[in-house]
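See below for the structure under consideration.
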Amino acid sequence: MRFSSFFARKIAWGKTSQHHLSRTIVRIGQAAVAIGIIVALITMSTGIGARKEIKQKLADFNGHITVTPYSSNLSLSSDTLTLPVEYYPNFPLPEIEHIQAIGTLSGIVRSEENFDGIVLKGVDANFDKARFEKFVKVGEIPNFGTGELNDDVIVSRHLANNFFLDIDSTFVTVFVDPQQLQNKPVYRNFRVKAIYETDIDNFDGLYIIGDLRHVQRINGWSPNQIGGFELFVKDIESDLQAVKADVNMIIGHNLIAQAATDHFLEIEEWISIFDKNIILILTIMMIVVIINMVMILLILILERTHSIGVLKTLGASNWQVQKIFIYYTLFIMIPGMIIGNAIALLLLWVQQRWGVIQLPADNYYITKAPVFLTWDMVLMVNLGMLVISAIILLIPTVLVRRILPTQALKMKNG
């Protein structure tokens with residue numbers, strides 16, 4: 001082991017290595033390795049970052065898990081369940097870190113020039129304001145469910161632009177009272193206290209966040225009747241389907257739990273594309289790097305045919321000589337890997353700090369390319385490239401076994 005690595009270091013980093021014709025080829029190989037590392041780290045970081053951010057947006061707005069009455073109601077208005085229940089406000093699962101009550105009611109926002117369909121999402125005092133804060137662009141989140149009935153609401157940027165609303169603006173919303181046999185309209189005046197934006201049309205074009213007591217009064221519910229619950233897990237990368245199954249075991253047969261991705265299957269399919277793209281790009285990158293390193297190794301072996309003959313004459317085994325060239329090639333890769341890591345980390349830091357690369361929210365549900373990178377990911381990419389390259393490079397070194405000492409020395413003398 002020491003014999004092979006010693007000779008490899010001497011060949012790779014010794015002064016004589018700078019005078020061989022293969023120097024340019026070696027530099028090209030190092031550039032290929034650097035580019036491969038850059039592409040791998042940026043692909044993993046932005047791909048995983050986008051997946052996590054989109055999933056987090058879905059969950060933070062609508063709950064990782066929603067619990068609603070089990071019924072055939074296909075409208076966006078809630079059915080009811082009655083409090084108290086033993087799992088509210090403290091849900092008995094370690095994966096669940098927060099639970100909040102909600103109720104929804106469909107309505108229409110109208111003005112003299114325009115109208116638009118909306119859903120009033122009512123929340124109570126347990127509303128997780130800190131979790132929602134990231135979506136708020138202007139204003140402050142009201143205190144819901146405490147004191148007098150609160151007419152303050154949070155509206156989307158989409159709705160604010162359509163109806164020329166700003167902070168402290170008021171607007172009229174029309175609901176249909178389900179308790180009235182004639183379905184007479186019910187009018188409510190709301191005041192804008194904050195404006196939010198998620199970049200997800202399913203939310204921005206639809207929801208108003210307000211006091212749950214408005215939903216209860218319009219629907220004719222009692223104060224202990226609600227539409228359902230939103231549950232939030234500690235880790236967005238948790239298996240939501242497994243958590244959902246555990247929640248269904250606790251809540252009883254008349255309620256049903258659904259994961260955030262169950263409600264938005266088209267977004268879930270879009271998220272799964274990131275994983276496929278990451279695998280595809282990493283595979284292509286690895287193939288390109290390996291092909292380059294194999295070509296370089298073959299050139300190096302042919303160039304040092306005489307040296308191989310001398311080593312074999314002095315008693316070196318085929319395996320020892322093979323390991324010299326494997327070490328040699330890996331030593332050549334090290335500068336390329338160092339440069340590639342440095343450039344990739346710098347580019348990702350710039351993107352995370354200033355968001356240079358912007359994305360169309362209509363297509364990607366996010367406005368800038370997100371960055372998520374851990375040292376484990378960096379280590380995995382670098383070790384993966386080294387290990388896979390070392391294994392693949394065993395194949396061309398078989399050429400060493402076919403070089404006979406006598407023929408190698410004759411070629412040099414000739």
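Ordering of the structure tokens sets the chain letters (A, B, ...); residue numbers start at 1 within each chain; ligands are numbered from 1 in the order shown.
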For this session: For Ser169 in chain A, work out the shell of residues within 7 Å, counting only C-alpha atoms and skipping chain neighbours fewer than 2 positions away, then give it as a ChimeraX atom specification.
Result: /A:165-167,171,191-192
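The residue set within 9 Å of Ala257 in chain A, counting only C-alpha atoms and dropping same-chain residues fewer than 6 places from it, reads Ile65, Thr66, Val67, Thr68, Pro69, Tyr70, Lys244, Ala245, Val247, Asn248 and Ile251 of chain A.
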Problem set entry | Of the listed residues A:Val371, A:Leu231, A:Leu41, A:Leu379, that which approaches Asn62 in chain A most closely, counting only C-alpha atoms |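 Smallest distance to Asn62 in chain A is found for A:Leu231.
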For this session: Could you give me the residues within range 66-274 of chain A that DSSP places in strand (DSSP E), as a PyMOL selection string?
Result: chain A and resi 66-69+81-82+96-110+115-123+136-139+152-156+170-176+185-196+207-211+225-226+228-233+255-259
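Shortest atom-to-atom contact with Val172 in chain A among A:Ile141, A:Val109, A:Met377, A:Leu330: A:Val109, counting only C-alpha atoms.
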For this session: Enumerate as a PyMOL selection string all residues of range 97-275 of chain A assigned to alpha helix (DSSP H) by DSSP on the backbone, naming them with the chain letters and numbers the document uses.
Result: chain A and resi 129-132+157-162+201-204+212-219+240-251+260-263+265-275
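Straight-line separation from CA of Phe372 in chain A to CA of Glu237 in chain A: 13.1 Å.
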Exercise. So which residues touch Leu240 in chain A within 10 Å, counting only C-alpha atoms, skipping near sequence neighbours fewer than 5 positions away, as JSON, numbers by chain?
Worked result: {"A": [64, 65, 95, 233, 235, 245, 246, 258, 259, 260, 261, 262]}
For this session: Could you jot down the CA of Ile326 in chain A to CA of Ile290 in chain A separation for me, Å, one decimal place?
Result: 12.6 Å
For this session: For range 114-122 of chain A, please output as a list in words all residues within 6 Å (counting only C-alpha atoms; exclusion window: fewer than 3 positions along the same chain).
Result: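 Those residues are Ile102, Gly103, Thr104, Leu105, Ser106, Gly107, Ile108, Val109, Arg110, Ser111, Leu206, Tyr207, Ile208, Ile209, Gly210, Asp211 and Leu212 of chain A.
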